[in-house]
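Notes to accompany the following structure.
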Amino acid sequence: MSNIISNRYEFVVLFDVENGNPNGDPDAGNLPRIDPESGYGLVTDVCLKRKIRNYIETVKEDTEGYGIYIKEDIPLNSSDKKAYEYLKIHDAKDLKKNDPEADLKIRDFMCKNFYDIRTFGAVMTTFVKAKLNCGQIRGPVQLGFARSIDPIDSQEVTITRIAITTEEDLAKKSTEMGRKMIVPYALYRVEGYVSANLARKTTGFSEDDLELLWEAILNMFEHDHSAARGKMAVRELIIFKHSKELGDCQAYKLFDAVEVKKKEDVIYPRQYQDYTVTLHKDQIPETIEVSRRA
């Protein structure tokens, strides 16, 4: 592919939640995830990648080259088999002997046809025929855990419903009780990386793929609304573009240049405007191109 990305990127995403649960913890009764030592809220990288995948699936609707490998109700092995069917592999054992590049051909097929493999990589070793499988791919795009800017106040809200479950219960009561776990408000920050080196060597992640990624990040909550998650929105995407494939400086220096701070007169933040976002340009090398999208 001629338009494989040739520049390294880092990026910072700021998103918030209002009266919702951004990422429940199944080990804690589905309470919003939290760092128990500091009280800061957490959202896993897996959760955010799911939102991105869902957006891609919504806008592309399985257009050729934009399939989604990790998706609901589709076994991984079913997707792996597509590579064998396309390459007309009938005897994997003989293919392995006669074609030393068989593994690479299968890998390239998966990268070409599945956007999330091309982007995030995948472990595709569950489907094995004669020790031949789709392989393990390290993707060029990686995300860390999101963390709230301030400690969060997780609340349990009791709710009632008038629809009774059984006829026996209806004779005893007129309502049933339930509960919702919410965060009144929190602003989260997540940092990410895009490796042009891995894109060139492994997955073929292109400039078009990159623009689609930025679009998906900005809109990852727009088609994912639910009563449980409340009001969630991406407020800003800050992108750092290096001048070359291996980059111009260490990633942490760019992340440190983005300062997100609660305003001094705010005690209990309840909106994005209660924070200031400052980009310290004097800490960013001149060869780094910075763009801010909202």
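Convention: chains lettered A, B, ... in structure tokens order; per-chain residue numbering from 1; ligands numbered from 1 as shown.
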- prompt: Neighbours of A:Lys173 within 10 Å (only C-alpha atoms; same-chain residues fewer than 3 positions away dropped), as a ChimeraX atom specification?
  reply: /A:162,164,168-170,176
message: Give me, as a list in words, the residues of stretch 165-216 of chain A that a backbone DSSP run labels strand (DSSP E or B).
response: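 The strand (DSSP E or B) subset of stretch 165-216 of chain A is Glu176, Met177, Gly178, Arg179, Lys180, Met181, Ile182, Val183, Pro184, Tyr185, Ala186, Leu187, Tyr188, Arg189, Val190, Glu191, Gly192, Tyr193, Val194 and Ser206 of chain A.
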message: Let's see if you can do this: from backbone DSSP, list all alpha helix (DSSP H) residues in stretch 22-262 of chain A, as a ChimeraX atom specification.
response: /A:45-60,76-86,92-98,102-113,115-120,167-170,196-198,207-218,251-256
Residue nearest A:Lys49 among A:Tyr185, A:Phe240, A:Phe255, A:Phe221 (counting only C-alpha atoms):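 Nearest to A:Lys49: A:Phe221.
The residue that comes closest to A:Ile284, out of A:Arg161, A:Arg118, A:Lys253, A:Lys241 and on the basis of only C-alpha atoms, is A:Lys253.
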query: In terms of the shortest atom-to-atom distance over only C-alpha atoms, which of A:Thr44, A:Thr278, A:Ser174, A:Asn113 is closest to A:Leu143?
result: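 Closest candidate: A:Thr44.
Using only C-alpha atoms, the smallest distance between any of A:His242, A:Glu167, A:Thr203, A:Gly29 and A:Ile106 comes from A:Thr203.
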Distance query A:Glu245 at most 9 Å, only C-alpha atoms, self and fewer than 6 positions along chain excluded, as a PyMOL selection string: chain A and resi 5-9+195-197
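Minimum atom-to-atom distance to A:Pro22, evaluated using only C-alpha atoms, belongs to A:Arg229 out of A:Arg229, A:Arg138, A:His223, A:Lys180.
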query: Could you name the residues that touch A:Gly24 at 9 Å or less, counting only C-alpha atoms, but leaving out those on the same chain fewer than 4 positions away, as a PyMOL selection string?
result: chain A and resi 28-33+43+181
task: Find the residues around A:Asp153 up to 12 Å (only C-alpha atoms counted), leave out those fewer than 3 positions away in its own chain, and share them as number ranges by chain.
output: A: 18-21, 31-35, 38-41, 148, 150, 156, 181-186, 268-270
The selected residues should be written to file as a compact mmCIF listing (two decimals), in the first residue's frame (atoms: N, CA, C and O atoms).
# COMPACT_ATOMS: atom_id res chain seq x y z
N GLU A 18 -21.57 12.31 32.77
CA GLU A 18 -22.49 13.03 33.66
C GLU A 18 -23.62 12.08 34.04
O GLU A 18 -24.34 11.57 33.18
N ASN A 19 -23.75 11.81 35.34
CA ASN A 19 -24.81 10.95 35.87
C ASN A 19 -24.84 9.59 35.16
O ASN A 19 -25.89 9.13 34.69
N GLY A 20 -23.69 8.96 35.07
CA GLY A 20 -23.62 7.65 34.42
C GLY A 20 -22.45 6.83 34.93
O GLY A 20 -21.63 7.30 35.72
N ASN A 21 -22.39 5.62 34.45
CA ASN A 21 -21.32 4.69 34.81
C ASN A 21 -20.47 4.44 33.56
O ASN A 21 -20.89 3.69 32.67
N LEU A 31 -19.81 -1.37 40.14
CA LEU A 31 -19.50 0.01 40.49
C LEU A 31 -18.52 0.59 39.47
O LEU A 31 -17.74 -0.15 38.87
N PRO A 32 -18.55 1.91 39.24
CA PRO A 32 -17.55 2.50 38.35
C PRO A 32 -16.14 2.14 38.81
O PRO A 32 -15.84 2.14 40.00
N ARG A 33 -15.30 1.81 37.86
CA ARG A 33 -13.93 1.41 38.20
C ARG A 33 -13.21 2.55 38.90
O ARG A 33 -13.35 3.72 38.53
N ILE A 34 -12.38 2.17 39.87
CA ILE A 34 -11.72 3.18 40.69
C ILE A 34 -10.36 2.67 41.15
O ILE A 34 -10.19 1.47 41.38
N ASP A 35 -9.41 3.55 41.26
CA ASP A 35 -8.14 3.24 41.89
C ASP A 35 -8.35 3.31 43.40
O ASP A 35 -8.60 4.39 43.94
N SER A 38 -6.10 6.00 45.44
CA SER A 38 -6.20 7.45 45.21
C SER A 38 -7.63 7.94 45.06
O SER A 38 -7.91 9.13 45.22
N GLY A 39 -8.55 7.04 44.71
CA GLY A 39 -9.94 7.45 44.48
C GLY A 39 -10.20 7.95 43.08
O GLY A 39 -11.33 8.37 42.77
N TYR A 40 -9.19 7.92 42.21
CA TYR A 40 -9.39 8.36 40.83
C TYR A 40 -10.15 7.29 40.05
O TYR A 40 -9.95 6.09 40.24
N GLY A 41 -11.03 7.75 39.15
CA GLY A 41 -11.80 6.83 38.33
C GLY A 41 -10.96 6.27 37.19
O GLY A 41 -10.03 6.94 36.70
N SER A 148 -9.49 9.60 35.67
CA SER A 148 -10.17 10.88 35.90
C SER A 148 -9.18 11.93 36.37
O SER A 148 -8.15 11.63 36.99
N ASP A 150 -9.78 14.26 38.59
CA ASP A 150 -9.92 14.36 40.04
C ASP A 150 -10.51 13.06 40.58
O ASP A 150 -11.09 12.27 39.82
N GLU A 156 -24.60 5.16 44.59
CA GLU A 156 -25.58 4.12 44.30
C GLU A 156 -26.97 4.74 44.46
O GLU A 156 -27.33 5.21 45.53
N MET A 181 -25.64 2.53 39.46
CA MET A 181 -24.36 3.06 39.91
C MET A 181 -23.96 4.22 39.01
O MET A 181 -23.88 4.04 37.78
N ILE A 182 -23.73 5.39 39.57
CA ILE A 182 -23.41 6.55 38.74
C ILE A 182 -22.24 7.35 39.30
O ILE A 182 -21.90 7.24 40.48
N VAL A 183 -21.66 8.12 38.43
CA VAL A 183 -20.72 9.18 38.81
C VAL A 183 -21.41 10.49 38.45
O VAL A 183 -21.78 10.69 37.28
N PRO A 184 -21.64 11.40 39.41
CA PRO A 184 -22.33 12.65 39.10
C PRO A 184 -21.65 13.42 37.96
O PRO A 184 -22.32 13.91 37.06
N TYR A 185 -20.33 13.52 38.03
CA TYR A 185 -19.57 14.12 36.93
C TYR A 185 -18.11 13.74 37.09
O TYR A 185 -17.57 13.72 38.21
N ALA A 186 -17.46 13.46 35.97
CA ALA A 186 -16.01 13.23 35.97
C ALA A 186 -15.46 13.49 34.58
O ALA A 186 -16.09 13.15 33.58
N TYR A 268 -16.87 21.41 43.49
CA TYR A 268 -17.42 20.17 42.96
C TYR A 268 -17.67 20.34 41.46
O TYR A 268 -18.70 20.91 41.06
N PRO A 269 -16.75 19.90 40.62
CA PRO A 269 -16.94 20.07 39.17
C PRO A 269 -18.14 19.29 38.67
O PRO A 269 -18.34 18.13 39.04
N ARG A 270 -18.96 19.94 37.85
CA ARG A 270 -20.15 19.32 37.30
C ARG A 270 -20.29 19.55 35.80
O ARG A 270 -21.29 19.18 35.21
task: Work out how far apart atom CA of A:Ile159 and atom CA of A:Thr175 are and give it in Å to one decimal.
output: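 It comes out at 10.0 Å.
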- request: Please measure the separation of atom CA of A:Lys105 and atom CA of A:Glu85, giving the value in Å to one decimal.
  value: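 Value for the atom CA of A:Lys105-atom CA of A:Glu85 distance: 12.4 Å.
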message: Could you list, as a ChimeraX atom specification, every residue within 10 Å of A:Leu218, counting only C-alpha atoms and ignoring same-chain residues fewer than 5 positions away?
response: /A:13-15,52,212-213,233-237,293-294
Would you export the selected residues with N, CA, C and O atoms as a tab-separated table (two decimals), in the first residue's frame, please?
chain	number	residue	atom	x	y	z
A	13	VAL	N	-6.83	12.15	24.69
A	13	VAL	CA	-8.28	12.28	24.56
A	13	VAL	C	-8.87	12.68	25.91
A	13	VAL	O	-8.55	12.08	26.93
A	14	LEU	N	-9.71	13.70	25.90
A	14	LEU	CA	-10.44	14.12	27.09
A	14	LEU	C	-11.92	13.83	26.87
A	14	LEU	O	-12.51	14.30	25.90
A	15	PHE	N	-12.51	13.04	27.75
A	15	PHE	CA	-13.94	12.76	27.67
A	15	PHE	C	-14.55	12.81	29.06
A	15	PHE	O	-13.86	12.65	30.07
A	52	ILE	N	-14.70	2.24	19.84
A	52	ILE	CA	-14.13	2.56	18.52
A	52	ILE	C	-14.54	1.50	17.50
A	52	ILE	O	-14.96	1.82	16.38
A	212	LEU	N	-9.84	7.80	9.83
A	212	LEU	CA	-11.02	7.12	10.34
A	212	LEU	C	-10.90	6.89	11.85
A	212	LEU	O	-11.90	6.98	12.57
A	213	LEU	N	-9.70	6.62	12.31
A	213	LEU	CA	-9.48	6.45	13.75
A	213	LEU	C	-9.79	7.74	14.50
A	213	LEU	O	-10.48	7.71	15.53
A	233	ALA	N	-19.32	12.15	26.47
A	233	ALA	CA	-18.90	12.85	25.26
A	233	ALA	C	-17.39	13.04	25.25
A	233	ALA	O	-16.78	13.24	26.30
A	234	VAL	N	-16.82	12.96	24.06
A	234	VAL	CA	-15.41	13.32	23.88
A	234	VAL	C	-15.34	14.82	23.73
A	234	VAL	O	-15.98	15.40	22.85
A	235	ARG	N	-14.58	15.46	24.59
A	235	ARG	CA	-14.49	16.92	24.59
A	235	ARG	C	-13.35	17.46	23.74
A	235	ARG	O	-13.47	18.52	23.13
A	236	GLU	N	-12.26	16.72	23.69
A	236	GLU	CA	-11.13	17.20	22.88
A	236	GLU	C	-10.18	16.06	22.57
A	236	GLU	O	-9.99	15.14	23.37
A	237	LEU	N	-9.62	16.12	21.36
A	237	LEU	CA	-8.59	15.20	20.91
A	237	LEU	C	-7.38	16.02	20.52
A	237	LEU	O	-7.46	16.85	19.61
A	293	ARG	N	-8.66	18.82	18.08
A	293	ARG	CA	-9.97	18.58	17.46
A	293	ARG	C	-11.01	18.37	18.56
A	293	ARG	O	-10.74	17.79	19.59
A	294	ALA	N	-12.20	18.88	18.29
A	294	ALA	CA	-13.28	18.74	19.27
A	294	ALA	C	-14.59	18.51	18.54
A	294	ALA	O	-14.70	18.70	17.32
task: Write out as a PyMOL selection string each polymer residue whose atoms come within 7 Å of A:Glu10, counting only C-alpha atoms; drop sequence neighbours fewer than 4 positions from it.
output: chain A and resi 192-194+239-241+251
message: Given only C-alpha atoms as the basis, pick out the residue of A:Asp209, A:Asp282, A:Asp265, A:Asp224 nearest to A:Asn3.
response: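 For A:Asn3, the nearest of the given residues is A:Asp209.
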